[in-house]
file target_1.cif (mmCIF, C-alpha atoms and all ligand atoms)
data_structure
#
loop_
_atom_site.label_atom_id
_atom_site.label_comp_id
_atom_site.auth_asym_id
_atom_site.auth_seq_id
_atom_site.Cartn_x
_atom_site.Cartn_y
_atom_site.Cartn_z
CA MET A 1 161.13 3.42 137.88
CA SER A 2 162.51 4.29 134.46
CA LYS A 3 163.33 7.90 133.73
CA PRO A 4 160.71 9.98 131.87
CA LYS A 5 161.63 10.08 128.17
CA VAL A 6 161.91 13.54 126.70
CA VAL A 7 162.55 14.31 123.04
CA LEU A 8 164.27 17.67 122.63
CA GLY A 9 163.68 18.81 119.06
CA VAL A 10 165.98 21.61 117.96
CA SER A 11 165.30 23.54 114.77
CA GLY A 12 167.64 25.86 112.92
CA GLY A 13 167.82 29.17 114.71
CA ILE A 14 170.62 30.95 116.51
CA ALA A 15 168.84 30.24 119.83
CA ALA A 16 169.81 26.57 119.33
CA TYR A 17 172.76 27.21 121.65
CA LYS A 18 170.32 28.00 124.49
CA ALA A 19 168.77 24.54 124.05
CA CYS A 20 172.06 23.12 125.47
CA GLU A 21 171.13 24.70 128.80
CA LEU A 22 167.60 23.26 128.59
CA LEU A 23 169.11 19.85 127.81
CA ARG A 24 171.38 20.06 130.87
CA ARG A 25 168.47 20.98 133.13
CA LEU A 26 166.34 18.14 131.79
CA SER A 27 169.17 15.56 132.10
CA GLU A 28 170.28 16.69 135.54
CA SER A 29 166.72 16.50 136.89
CA GLY A 30 166.44 12.82 135.94
CA HIS A 31 165.04 12.77 132.40
CA ASP A 32 166.25 10.55 129.60
CA VAL A 33 166.67 13.08 126.79
CA ARG A 34 166.95 12.21 123.14
CA VAL A 35 167.95 15.23 121.06
CA VAL A 36 166.55 15.37 117.54
CA PRO A 37 168.01 18.36 115.74
CA THR A 38 167.11 19.37 112.19
CA ALA A 39 169.88 19.51 109.62
CA SER A 40 169.89 23.32 109.84
CA ALA A 41 170.12 23.22 113.66
CA LEU A 42 173.46 21.44 113.22
CA HIS A 43 174.82 24.57 111.51
CA PHE A 44 174.49 26.28 114.89
CA VAL A 45 175.36 23.48 117.36
CA GLY A 46 177.01 20.25 116.23
CA ALA A 47 175.87 16.66 116.84
CA ALA A 48 178.84 16.00 119.16
CA THR A 49 177.56 18.58 121.67
CA TRP A 50 174.03 17.14 121.72
CA SER A 51 175.32 13.60 122.01
CA ALA A 52 177.81 14.37 124.80
CA LEU A 53 175.29 16.37 126.84
CA SER A 54 172.44 13.86 126.43
CA GLY A 55 174.43 10.60 126.52
CA ASN A 56 172.29 9.43 123.60
CA PRO A 57 172.90 9.06 119.87
CA VAL A 58 171.89 11.98 117.69
CA SER A 59 170.53 11.87 114.18
CA THR A 60 168.59 14.20 111.98
CA GLU A 61 167.45 11.88 109.22
CA VAL A 62 165.15 8.89 109.12
CA TRP A 63 167.85 6.92 107.27
CA ASP A 64 170.13 6.36 110.28
CA ASP A 65 169.64 3.07 112.22
CA VAL A 66 166.74 2.18 109.94
CA HIS A 67 166.38 -1.29 111.52
CA GLU A 68 165.19 0.43 114.71
CA VAL A 69 162.52 2.35 112.78
CA PRO A 70 163.48 5.57 114.59
CA HIS A 71 161.00 7.77 112.74
CA VAL A 72 158.20 5.93 114.56
CA ARG A 73 159.82 4.62 117.75
CA ILE A 74 161.22 7.89 119.12
CA GLY A 75 157.83 9.60 119.05
CA GLN A 76 155.88 6.56 120.23
CA HIS A 77 158.02 6.11 123.35
CA ALA A 78 158.28 9.74 124.39
CA ASP A 79 156.60 11.13 127.51
CA LEU A 80 157.15 14.68 126.27
CA VAL A 81 158.37 16.32 123.07
CA VAL A 82 159.72 19.85 123.42
CA VAL A 83 160.87 21.80 120.36
CA ALA A 84 163.20 24.65 121.37
CA PRO A 85 163.84 26.74 119.44
CA ALA A 86 160.91 26.21 117.07
CA THR A 87 161.47 28.23 113.90
CA ALA A 88 158.66 29.64 111.73
CA ASP A 89 159.44 26.84 109.25
CA MET A 90 159.17 24.16 111.95
CA LEU A 91 155.82 25.52 113.19
CA ALA A 92 154.52 25.54 109.60
CA LYS A 93 155.64 21.95 109.03
CA ALA A 94 154.15 20.79 112.33
CA ALA A 95 150.84 22.59 111.66
CA HIS A 96 150.57 20.99 108.21
CA GLY A 97 151.77 17.53 109.19
CA LEU A 98 154.81 17.48 106.91
CA ALA A 99 157.32 14.74 107.65
CA ASP A 100 160.58 15.21 105.78
CA ASP A 101 163.11 14.54 108.53
CA LEU A 102 163.39 12.74 111.86
CA LEU A 103 161.97 15.58 113.98
CA THR A 104 158.87 16.17 111.85
CA ASN A 105 158.25 12.39 111.72
CA THR A 106 158.60 12.26 115.50
CA LEU A 107 156.04 15.04 115.90
CA LEU A 108 153.54 13.02 113.86
CA THR A 109 154.05 9.79 115.79
CA ALA A 110 154.14 11.32 119.29
CA ARG A 111 150.99 10.81 121.36
CA CYS A 112 152.42 12.56 124.43
CA PRO A 113 152.18 16.29 125.25
CA VAL A 114 154.13 18.55 122.86
CA VAL A 115 155.63 21.92 123.80
CA PHE A 116 156.89 24.40 121.20
CA ALA A 117 159.14 27.30 122.24
CA PRO A 118 159.24 29.53 119.14
CA ALA A 119 162.12 31.90 118.42
CA MET A 120 162.34 34.11 115.35
CA HIS A 121 162.32 37.72 114.23
CA THR A 122 159.29 39.78 115.23
CA GLU A 123 158.05 40.11 111.63
CA MET A 124 158.09 36.33 111.16
CA TRP A 125 156.32 35.75 114.49
CA GLU A 126 153.65 38.35 113.73
CA HIS A 127 153.04 37.19 110.14
CA PRO A 128 149.49 35.86 109.76
CA ALA A 129 150.88 32.59 108.37
CA THR A 130 152.84 31.94 111.58
CA GLN A 131 149.99 33.12 113.80
CA GLU A 132 147.56 30.77 112.04
CA ASN A 133 150.00 27.87 112.38
CA VAL A 134 150.38 28.60 116.09
CA ALA A 135 146.59 28.76 116.50
CA THR A 136 146.25 25.41 114.69
CA LEU A 137 148.86 23.76 116.93
CA ARG A 138 147.21 25.15 120.07
CA ARG A 139 143.78 24.03 118.94
CA ARG A 140 145.17 20.52 118.58
CA GLY A 141 146.43 20.61 122.15
CA ALA A 142 150.10 21.58 121.77
CA VAL A 143 151.51 24.06 124.26
CA VAL A 144 153.05 26.93 122.28
CA ILE A 145 155.02 29.23 124.56
CA GLU A 146 154.84 32.94 123.65
CA PRO A 147 158.30 34.22 122.69
CA ALA A 148 159.97 36.72 124.99
CA VAL A 149 160.56 40.37 124.10
CA GLY A 150 164.12 41.63 123.89
CA ARG A 151 167.29 41.62 121.87
CA LEU A 152 167.11 39.47 118.74
CA THR A 153 169.91 38.43 116.41
CA GLY A 154 171.87 41.44 115.24
CA VAL A 155 170.77 44.87 116.37
CA ASP A 156 167.01 44.21 116.35
CA THR A 157 164.85 44.09 119.44
CA GLY A 158 161.23 42.97 119.74
CA LYS A 159 159.09 39.94 120.39
CA GLY A 160 160.65 36.70 119.21
CA ARG A 161 163.39 35.80 121.68
CA LEU A 162 163.53 32.27 122.99
CA PRO A 163 162.39 32.46 126.63
CA ASP A 164 164.96 31.76 129.31
CA PRO A 165 165.80 27.99 129.26
CA ALA A 166 165.02 27.83 133.00
CA GLU A 167 161.48 29.03 132.23
CA ILE A 168 161.04 26.54 129.35
CA PHE A 169 162.26 23.82 131.72
CA GLU A 170 159.58 24.85 134.25
CA VAL A 171 156.87 24.57 131.57
CA CYS A 172 158.20 21.09 130.61
CA ARG A 173 158.24 19.99 134.24
CA ARG A 174 154.63 21.06 134.76
CA VAL A 175 153.41 19.57 131.48
CA LEU A 176 155.13 16.26 132.37
CA ALA A 177 153.63 16.33 135.86
CA ARG A 178 150.15 16.54 134.32
CA GLY A 179 150.89 13.43 132.27
CA ALA A 180 149.23 12.52 129.02
CA THR A 181 146.07 14.49 129.78
CA GLU A 182 145.17 17.05 127.13
CA PRO A 183 146.06 20.60 128.14
CA ASP A 184 142.58 21.60 129.34
CA LEU A 185 143.10 25.32 128.80
CA ALA A 186 144.29 24.97 125.18
CA GLY A 187 142.64 27.58 122.98
CA ARG A 188 141.57 29.64 126.02
CA HIS A 189 142.67 33.17 126.85
CA VAL A 190 143.07 33.84 130.55
CA VAL A 191 143.95 37.06 132.34
CA VAL A 192 145.73 37.10 135.69
CA SER A 193 146.47 40.19 137.77
CA ALA A 194 149.38 39.97 140.20
CA GLY A 195 151.40 42.06 142.64
CA GLY A 196 150.29 45.11 144.55
CA THR A 197 149.30 48.55 143.31
CA ARG A 198 151.12 51.70 144.43
CA GLU A 199 149.24 54.95 144.82
CA PRO A 200 151.61 57.91 144.54
CA LEU A 201 151.58 60.79 147.01
CA ASP A 202 154.41 62.70 145.38
CA PRO A 203 157.24 61.81 142.97
CA VAL A 204 159.07 59.77 145.65
CA ARG A 205 156.35 58.33 147.94
CA PHE A 206 153.42 56.00 147.54
CA LEU A 207 150.84 54.02 149.51
CA GLY A 208 151.46 50.35 148.77
CA ASN A 209 151.12 46.85 150.15
CA ARG A 210 153.20 43.76 150.77
CA SER A 211 152.07 41.63 147.85
CA SER A 212 155.07 40.00 146.09
CA GLY A 213 153.11 38.76 143.06
CA LYS A 214 154.28 35.16 143.53
CA GLN A 215 150.77 33.67 143.65
CA GLY A 216 149.71 35.52 140.50
CA TYR A 217 152.89 34.46 138.69
CA ALA A 218 152.28 30.84 139.76
CA LEU A 219 148.77 31.14 138.27
CA ALA A 220 150.17 32.55 135.02
CA ARG A 221 152.84 29.83 134.71
CA THR A 222 150.49 26.96 135.43
CA ALA A 223 147.87 28.30 132.99
CA ALA A 224 150.52 28.52 130.24
CA ALA A 225 151.57 24.93 130.95
CA ARG A 226 147.91 23.90 130.62
CA GLY A 227 147.85 25.41 127.15
CA ALA A 228 146.23 28.82 127.77
CA ARG A 229 147.21 32.08 126.16
CA VAL A 230 147.96 34.15 129.24
CA THR A 231 147.95 37.89 129.83
CA LEU A 232 149.58 38.77 133.15
CA VAL A 233 148.82 42.26 134.44
CA ALA A 234 151.69 42.78 136.87
CA ALA A 235 151.64 45.59 139.43
CA ASN A 236 155.06 46.47 140.82
CA THR A 237 156.57 42.99 140.91
CA ALA A 238 160.26 42.14 140.88
CA LEU A 239 159.86 38.68 139.37
CA ALA A 240 161.13 37.35 136.03
CA ASP A 241 158.56 37.19 133.22
CA PRO A 242 157.15 33.65 133.07
CA ALA A 243 157.76 31.89 129.75
CA GLY A 244 154.92 32.02 127.32
CA VAL A 245 153.05 34.82 129.03
CA ASP A 246 152.24 38.34 127.79
CA VAL A 247 153.16 40.66 130.64
CA VAL A 248 151.53 44.10 130.95
CA ARG A 249 153.17 46.21 133.66
CA VAL A 250 151.10 48.67 135.67
CA GLY A 251 151.59 50.85 138.74
CA THR A 252 148.32 52.14 140.17
CA ALA A 253 144.83 50.68 140.65
CA VAL A 254 143.49 52.90 137.87
CA GLN A 255 146.15 51.63 135.45
CA LEU A 256 145.47 48.06 136.55
CA ARG A 257 141.75 48.52 135.87
CA GLU A 258 142.44 49.79 132.36
CA ALA A 259 144.81 46.88 131.55
CA VAL A 260 142.48 44.23 133.01
CA LEU A 261 139.39 45.58 131.19
CA LYS A 262 141.28 45.66 127.89
CA ALA A 263 142.64 42.11 128.24
CA ALA A 264 139.34 40.75 129.62
CA ALA A 265 137.43 41.76 126.47
CA ASP A 266 138.15 38.41 124.78
CA ALA A 267 139.12 36.36 127.86
CA ASP A 268 137.56 33.08 128.95
CA ALA A 269 138.64 33.64 132.55
CA VAL A 270 139.99 36.44 134.72
CA VAL A 271 141.78 35.79 138.00
CA MET A 272 142.29 38.83 140.19
CA ALA A 273 145.23 37.82 142.40
CA ALA A 274 146.57 41.38 142.66
CA ALA A 275 146.29 43.30 145.89
CA VAL A 276 144.54 46.42 144.62
CA ALA A 277 144.52 49.50 146.83
CA ASP A 278 140.97 50.40 147.82
CA PHE A 279 141.93 54.05 148.24
CA ARG A 280 144.35 56.53 146.69
CA PRO A 281 145.51 59.95 147.85
CA ALA A 282 143.00 62.57 146.72
CA ALA A 283 145.80 64.84 145.58
CA TYR A 284 149.16 64.16 143.99
CA ALA A 285 151.90 66.65 144.78
CA THR A 286 153.97 67.21 141.65
CA GLY A 287 156.91 68.28 143.83
CA LYS A 288 158.26 66.38 146.85
CA ILE A 289 156.25 67.08 150.02
CA LYS A 290 158.65 68.82 152.43
CA LYS A 291 158.50 68.63 156.22
CA LYS A 292 158.12 71.95 158.03
CA ASP A 293 159.74 71.97 161.46
CA ASP A 294 157.23 74.37 162.97
CA GLN A 295 154.08 72.67 161.64
CA GLU A 296 152.17 69.40 162.18
CA PRO A 297 152.05 67.22 159.04
CA GLU A 298 149.05 67.64 156.74
CA PRO A 299 146.59 64.71 156.92
CA ILE A 300 146.46 62.52 153.82
CA VAL A 301 143.00 62.66 152.28
CA LEU A 302 141.98 59.48 150.45
CA VAL A 303 139.40 58.75 147.75
CA ARG A 304 137.97 55.39 146.64
CA ASN A 305 139.56 53.43 143.82
CA PRO A 306 137.35 51.53 141.39
CA ASP A 307 136.67 47.94 142.46
CA VAL A 308 137.88 46.09 139.39
CA LEU A 309 136.70 42.64 140.48
CA ALA A 310 133.18 43.85 141.24
CA GLU A 311 133.05 45.80 137.98
CA ILE A 312 134.13 42.96 135.67
CA SER A 313 131.87 40.51 137.54
CA ALA A 314 128.80 42.77 137.18
CA ASP A 315 129.47 43.60 133.55
CA ARG A 316 130.95 40.45 131.97
CA ALA A 317 132.81 41.05 128.72
CA ARG A 318 131.72 37.61 127.45
CA SER A 319 128.97 35.26 128.45
CA GLY A 320 130.32 32.26 130.32
CA GLN A 321 133.45 34.15 131.37
CA VAL A 322 134.70 32.76 134.69
CA ILE A 323 135.87 35.33 137.23
CA VAL A 324 137.97 34.55 140.28
CA GLY A 325 138.77 36.87 143.17
CA PHE A 326 141.14 36.61 146.08
CA ALA A 327 140.41 37.65 149.61
CA ALA A 328 142.99 38.27 152.26
CA GLU A 329 141.40 38.00 155.69
CA THR A 330 142.79 38.11 159.19
CA ASP A 331 139.66 37.06 161.19
CA ASP A 332 136.43 35.11 160.61
CA VAL A 333 138.02 33.95 157.40
CA LEU A 334 135.17 31.82 155.97
CA ALA A 335 132.27 34.06 156.99
CA ASN A 336 134.03 37.14 155.64
CA GLY A 337 134.93 35.20 152.51
CA ARG A 338 131.31 34.18 151.82
CA ALA A 339 130.14 37.76 152.31
CA LYS A 340 132.86 39.07 150.03
CA LEU A 341 132.05 36.51 147.32
CA ALA A 342 128.43 37.69 147.30
CA ARG A 343 129.44 41.36 147.37
CA LYS A 344 131.91 41.08 144.51
CA GLY A 345 129.68 38.86 142.36
CA CYS A 346 132.51 36.63 141.11
CA ASP A 347 132.29 32.86 140.50
CA LEU A 348 135.11 31.75 142.79
CA LEU A 349 136.87 33.40 145.69
CA VAL A 350 140.20 32.16 147.02
CA VAL A 351 140.28 32.99 150.69
CA ASN A 352 143.67 33.26 152.38
CA GLU A 353 144.36 33.90 156.01
CA VAL A 354 147.00 36.58 156.22
CA GLY A 355 149.15 37.94 158.99
CA GLU A 356 152.54 39.50 159.53
CA ARG A 357 154.45 36.51 158.21
CA LYS A 358 151.71 34.55 156.46
CA THR A 359 151.32 34.46 152.68
CA PHE A 360 152.96 37.75 151.68
CA GLY A 361 156.26 36.97 149.98
CA ALA A 362 156.16 33.32 151.10
CA GLU A 363 156.67 30.38 148.74
CA GLU A 364 153.77 28.47 150.25
CA ASN A 365 150.12 29.15 150.82
CA GLU A 366 146.98 27.64 152.34
CA ALA A 367 143.47 28.60 151.30
CA VAL A 368 139.85 27.70 150.80
CA VAL A 369 138.25 28.30 147.41
CA LEU A 370 134.61 29.28 147.77
CA GLY A 371 132.25 28.87 144.82
CA ALA A 372 129.18 31.00 144.09
CA ASP A 373 127.41 27.62 143.75
CA GLY A 374 128.05 27.00 147.46
CA SER A 375 131.08 24.75 146.93
CA GLU A 376 134.05 24.87 149.28
CA THR A 377 137.44 23.48 148.19
CA PRO A 378 140.12 23.47 150.89
CA VAL A 379 143.70 23.64 149.60
CA PRO A 380 146.18 22.36 152.21
CA HIS A 381 149.41 24.16 153.06
CA GLY A 382 151.71 23.77 150.05
CA PRO A 383 153.45 25.51 147.16
CA LYS A 384 151.63 28.43 145.50
CA GLU A 385 151.69 26.37 142.31
CA ALA A 386 149.48 23.71 143.92
CA LEU A 387 146.88 26.34 144.81
CA ALA A 388 147.17 27.68 141.27
CA GLU A 389 146.49 24.22 139.81
CA THR A 390 143.38 23.87 142.01
CA VAL A 391 142.12 27.27 140.84
CA TRP A 392 142.54 26.22 137.18
CA ASP A 393 140.85 22.85 137.87
CA LEU A 394 137.83 24.74 139.21
CA VAL A 395 137.90 27.31 136.37
CA SER A 396 138.27 24.57 133.76
CA ALA A 397 135.27 22.68 135.17
CA ARG A 398 133.19 25.86 134.92
CA LEU A 399 134.33 26.59 131.36
CA GLY A 400 132.84 23.26 130.34
N1 LIG B 501 140.03 44.13 144.18
C1 LIG B 501 139.77 44.87 143.03
N2 LIG B 501 139.71 46.22 143.08
C2 LIG B 501 139.87 46.87 144.24
C3 LIG B 501 140.12 46.14 145.42
C4 LIG B 501 140.20 44.76 145.36
O1 LIG B 501 139.60 44.28 141.96
N3 LIG B 501 139.81 48.18 144.27
C5 LIG B 501 140.04 42.68 144.10
C6 LIG B 501 141.34 42.01 144.46
O2 LIG B 501 142.14 41.80 143.33
C7 LIG B 501 140.88 40.69 145.06
C8 LIG B 501 139.55 41.01 145.67
O3 LIG B 501 139.13 42.22 145.04
O4 LIG B 501 140.67 39.72 144.07
C9 LIG B 501 139.49 41.15 147.18
O5 LIG B 501 140.18 42.23 147.64
P1 LIG B 501 140.18 42.64 149.21
O6 LIG B 501 141.08 43.79 149.30
O7 LIG B 501 140.44 41.45 150.06
O8 LIG B 501 138.67 43.00 149.42
P2 LIG B 501 138.01 44.36 149.77
O9 LIG B 501 136.92 44.57 148.82
O10 LIG B 501 139.05 45.39 149.88
O11 LIG B 501 137.34 44.09 151.18
P3 LIG B 501 137.85 44.44 152.67
O12 LIG B 501 138.42 45.81 152.58
O13 LIG B 501 136.61 44.33 153.46
O14 LIG B 501 138.87 43.40 153.00
#
call {"tool": "encode", "arguments": {"input": "target_1.cif", "output": "structure tokens"}}
result
Amino acid sequence: MSKPKVVLGVSGGIAAYKACELLRRLSESGHDVRVVPTASALHFVGAATWSALSGNPVSTEVWDDVHEVPHVRIGQHADLVVVAPATADMLAKAAHGLADDLLTNTLLTARCPVVFAPAMHTEMWEHPATQENVATLRRRGAVVIEPAVGRLTGVDTGKGRLPDPAEIFEVCRRVLARGATEPDLAGRHVVVSAGGTREPLDPVRFLGNRSSGKQGYALARTAAARGARVTLVAANTALADPAGVDVVRVGTAVQLREAVLKAAADADAVVMAAAVADFRPAAYATGKIKKKDDQEPEPIVLVRNPDVLAEISADRARSGQVIVGFAAETDDVLANGRAKLARKGCDLLVVNEVGERKTFGAEENEAVVLGADGSETPVPHGPKEALAETVWDLVSARLG
């Protein structure tokens, strides 16, 4: 089998040096990578570096090797085009179909999936012109990864950093795995909650749970690779932000509720993968609770937390919004799952069997997805990503 052909477009931003790392990852994992830098990208990283790392010739203009008609051939033969970094100028050209160099010509001739990883200063990213160009590209089916937040060129910090090359590589891998199919979540906004809430007792102690957040993060990553704009409401996770995802960090169930309700207002789908505490301590001690040698400990009095899944299911922010819950069960898994689906009022419920060493913190998972329409989709033991893909398949079918 021939290697998948990837075109790595590099436009002229300082983050061009990080594309070398992306190139290495793509080449080392068995892809045939053709780098197409713009003329300004070569101010940051020279053609010799791209050529040596890719093992392929490098040109920026349509006038090199004209007999091979590169401005058409490179795009036509690609299985994936990824532009990293994509500058504001490159996004504008791509959105308007300009074709004044080899990369922009390639973008017009490519019929394969296209991924843009923008990097620029926050003001440029937030400018309505850039935002409209991004919306146009997404509407046409391109995957535009949200920039990361952090240190920018110089002393500035904000949104606009190129996401970690390892994360961009993961998006490319998933988009390639889906093949030439249109990203089915393009133009959609999805909200995913992940992790486990912590309910504080005093400044140093909390009631928590074992959720690692891995399943929710897998859902966020796979949705981004399928073209969705993703808001990830993360409760107490220690995982790296997935590329292209807006992460909102929360601690308690009440904070999680607020963040989910806010993000769900314009969402097409909400997936509640977080383990939300059903109860919280009735009182919070502002000072550390001290043990008293001559006294029995005080009992901890608990009060109910809001049930976020039931609330957003009963009072949908948008008509046609698809809502997915998760259920962790130890016994009578299917019967309990069906009852929970009805009680919560969501459209789909992913039912996991949990135990001491099952599911929590593991890389793999096994589940049944129950539908309010009576459907039952078993997902065999496998990576959490595979379960995530099944969830999005079912959501996508319901979005119509
Ligand atoms: N959930 C929620 N708000 C809560 C508790 C849970 O939104 N206060 C959501 C979880 O995110 C998950 C689903 O509800 O999607 C199922 O949670 P689970 O704890 O399994 O269900 P419970 O309602 O707590 O039922 P039980 O205690 O009987 O297991």
call {"tool": "closest_residue", "arguments": {"input": "target_1.cif", "among": "A:Ser319, A:Thr109, A:Asn305, A:Asn352", "to": "A:Asp278", "atoms": "all atoms listed in the file"}}
result
A:Asn305
call {"tool": "residues_around", "arguments": {"input": "target_1.cif", "residues": "A:Gly158", "least_positions_apart": "5", "cutoff": "6 Å", "atoms": "all atoms listed in the file", "output": "list of chain:residue names"}}
result
A:Thr122, A:Val149, A:Gly150
call {"tool": "closest_residue", "arguments": {"input": "target_1.cif", "among": "A:Leu176, A:Val7, A:Ala39, A:Glu385", "to": "A:Leu107", "atoms": "all atoms listed in the file"}}
result
A:Val7
call {"tool": "residues_around", "arguments": {"input": "target_1.cif", "residues": "stretch 86-89 of chain A", "least_positions_apart": "3", "cutoff": "6 Å", "atoms": "only C-alpha atoms", "output": "VMD selection string"}}
result
chain A and resid 11 83 92 117 to 119
call {"tool": "write_last_selection", "arguments": {"input": "target_1.cif", "atoms": "C-alpha atoms", "output": "PDB file, in the coordinates of the input"}}
result
ATOM      1  CA  SER A  11     165.300  23.540 114.770  1.00  0.00           C
ATOM      2  CA  VAL A  83     160.870  21.800 120.360  1.00  0.00           C
ATOM      3  CA  ALA A  92     154.520  25.540 109.600  1.00  0.00           C
ATOM      4  CA  ALA A 117     159.140  27.300 122.240  1.00  0.00           C
ATOM      5  CA  PRO A 118     159.240  29.530 119.140  1.00  0.00           C
ATOM      6  CA  ALA A 119     162.120  31.900 118.420  1.00  0.00           C
TER       7      ALA A 119
END
call {"tool": "atom_distance", "arguments": {"input": "target_1.cif", "atom1": "atom CA of A:Val192", "atom2": "atom CA of A:Ala264"}}
result
9.5 Å
call {"tool": "closest_residue", "arguments": {"input": "target_1.cif", "among": "A:Val115, A:Ile323, A:Met120, A:Ala397", "to": "A:Arg151", "atoms": "all atoms listed in the file"}}
result
A:Met120
call {"tool": "residues_near_ligand", "arguments": {"input": "target_1.cif", "ligand": "ligand LIG 501 (chain B)", "cutoff": "10 Å", "atoms": "all atoms listed in the file", "output": "MDAnalysis selection string"}}
result
chainID A and resid 192:197 253:254 256:257 260 270:280 304:313 323:330 336:337 339:341 343:344 346 348:352
call {"tool": "atom_distance", "arguments": {"input": "target_1.cif", "atom1": "atom CA of A:Lys384", "atom2": "atom CA of A:Glu258"}}
result
26.7 Å
call {"tool": "closest_residue", "arguments": {"input": "target_1.cif", "among": "A:Gly287, A:Gly345, A:Pro242, A:Pro4", "to": "A:Lys214", "atoms": "all atoms listed in the file"}}
result
A:Pro242
call {"tool": "atom_distance", "arguments": {"input": "target_1.cif", "atom1": "atom CA of A:His31", "atom2": "atom CA of A:Val175"}}
result
13.5 Å
call {"tool": "residues_around", "arguments": {"input": "target_1.cif", "residues": "A:Thr222", "least_positions_apart": "2", "cutoff": "10 Å", "atoms": "all atoms listed in the file", "output": "list in words"}}
result
Glu170, Val171, Arg174, Val175, Gly216, Tyr217, Ala218, Leu219, Ala220, Ala224, Ala225, Arg226, Gly227, Ala228, Val230, Pro242, Glu385, Ala386, Ala388, Glu389, Val391 and Trp392 of chain A
call {"tool": "residues_around", "arguments": {"input": "target_1.cif", "residues": "A:Arg205", "least_positions_apart": "6", "cutoff": "12 Å", "atoms": "all atoms listed in the file", "output": "MDAnalysis selection string"}}
result
chainID A and resid 198:199 281 284:290
call {"tool": "closest_residue", "arguments": {"input": "target_1.cif", "among": "A:Asp347, A:Val354, A:Gly371, A:Ala15", "to": "A:Arg316", "atoms": "all atoms listed in the file"}}
result
A:Asp347
call {"tool": "residues_around", "arguments": {"input": "target_1.cif", "residues": "A:Cys20", "least_positions_apart": "4", "cutoff": "9 Å", "atoms": "all atoms listed in the file", "output": "mmCIF file with C-alpha atoms, keeping the file's coordinate frame"}}
result
data_model
loop_
_atom_site.group_PDB
_atom_site.id
_atom_site.type_symbol
_atom_site.label_atom_id
_atom_site.label_comp_id
_atom_site.auth_asym_id
_atom_site.auth_seq_id
_atom_site.Cartn_x
_atom_site.Cartn_y
_atom_site.Cartn_z
ATOM 1 C CA ALA A 16 169.810 26.570 119.330
ATOM 2 C CA ARG A 24 171.380 20.060 130.870
ATOM 3 C CA ARG A 25 168.470 20.980 133.130
ATOM 4 C CA VAL A 45 175.360 23.480 117.360
ATOM 5 C CA THR A 49 177.560 18.580 121.670
ATOM 6 C CA TRP A 50 174.030 17.140 121.720
ATOM 7 C CA LEU A 53 175.290 16.370 126.840
ATOM 8 C CA PRO A 165 165.800 27.990 129.260
#
call {"tool": "closest_residue", "arguments": {"input": "target_1.cif", "among": "A:Leu23, A:Leu103, A:Phe44, A:Gly244", "to": "A:Val62", "atoms": "only C-alpha atoms"}}
result
A:Leu103
call {"tool": "residues_near_point", "arguments": {"input": "target_1.cif", "point": "(145.7, 25.2, 126.8)", "cutoff": "8 Å", "atoms": "all atoms listed in the file", "output": "list in words"}}
result
Arg138, Gly141, Ala142, Val143, Pro183, Asp184, Leu185, Ala186, Gly187, Arg188, Ala223, Ala224, Ala225, Arg226, Gly227, Ala228 and Arg229 of chain A
call {"tool": "write_last_selection", "arguments": {"input": "target_1.cif", "atoms": "C-alpha atoms", "output": "mmCIF file, keeping the file's coordinate frame"}}
result
data_model
loop_
_atom_site.group_PDB
_atom_site.id
_atom_site.type_symbol
_atom_site.label_atom_id
_atom_site.label_comp_id
_atom_site.auth_asym_id
_atom_site.auth_seq_id
_atom_site.Cartn_x
_atom_site.Cartn_y
_atom_site.Cartn_z
ATOM 1 C CA ARG A 138 147.210 25.150 120.070
ATOM 2 C CA GLY A 141 146.430 20.610 122.150
ATOM 3 C CA ALA A 142 150.100 21.580 121.770
ATOM 4 C CA VAL A 143 151.510 24.060 124.260
ATOM 5 C CA PRO A 183 146.060 20.600 128.140
ATOM 6 C CA ASP A 184 142.580 21.600 129.340
ATOM 7 C CA LEU A 185 143.100 25.320 128.800
ATOM 8 C CA ALA A 186 144.290 24.970 125.180
ATOM 9 C CA GLY A 187 142.640 27.580 122.980
ATOM 10 C CA ARG A 188 141.570 29.640 126.020
ATOM 11 C CA ALA A 223 147.870 28.300 132.990
ATOM 12 C CA ALA A 224 150.520 28.520 130.240
ATOM 13 C CA ALA A 225 151.570 24.930 130.950
ATOM 14 C CA ARG A 226 147.910 23.900 130.620
ATOM 15 C CA GLY A 227 147.850 25.410 127.150
ATOM 16 C CA ALA A 228 146.230 28.820 127.770
ATOM 17 C CA ARG A 229 147.210 32.080 126.160
#
call {"tool": "residues_near_point", "arguments": {"input": "target_1.cif", "point": "(125.4, 26.9, 143.4)", "cutoff": "12 Å", "atoms": "only C-alpha atoms", "output": "list of chain:residue names"}}
result
A:Ala342, A:Asp347, A:Leu348, A:Leu370, A:Gly371, A:Ala372, A:Asp373, A:Gly374, A:Ser375, A:Glu376, A:Arg398
call {"tool": "axis_aligned_box", "arguments": {"input": "target_1.cif", "around": "stretch 36-52 of chain A", "padding_each_side": "6 Å", "output": "JSON"}}
result
{"center_x": 172.7, "center_y": 19.9, "center_z": 117.2, "size_x": 24.3, "size_y": 24.7, "size_z": 27.2}
call {"tool": "decode", "arguments": {"input": "target_1.cif", "residues": "stretch 126-134 of chain A", "atoms": "C-alpha atoms", "output": "short mmCIF file (atom, residue, chain, number, x, y, z; two decimals), in the first residue's frame"}}
result
data_model
loop_
_atom_site.label_atom_id
_atom_site.label_comp_id
_atom_site.auth_asym_id
_atom_site.auth_seq_id
_atom_site.Cartn_x
_atom_site.Cartn_y
_atom_site.Cartn_z
CA GLU A 126 -10.64 38.18 16.99
CA HIS A 127 -11.07 40.66 14.12
CA PRO A 128 -14.47 40.18 12.45
CA ALA A 129 -12.73 39.78 9.07
CA THR A 130 -10.76 36.76 10.33
CA GLN A 131 -13.75 35.33 12.19
CA GLU A 132 -15.90 35.57 9.05
CA ASN A 133 -13.19 33.91 6.98
CA VAL A 134 -12.94 31.09 9.52
#
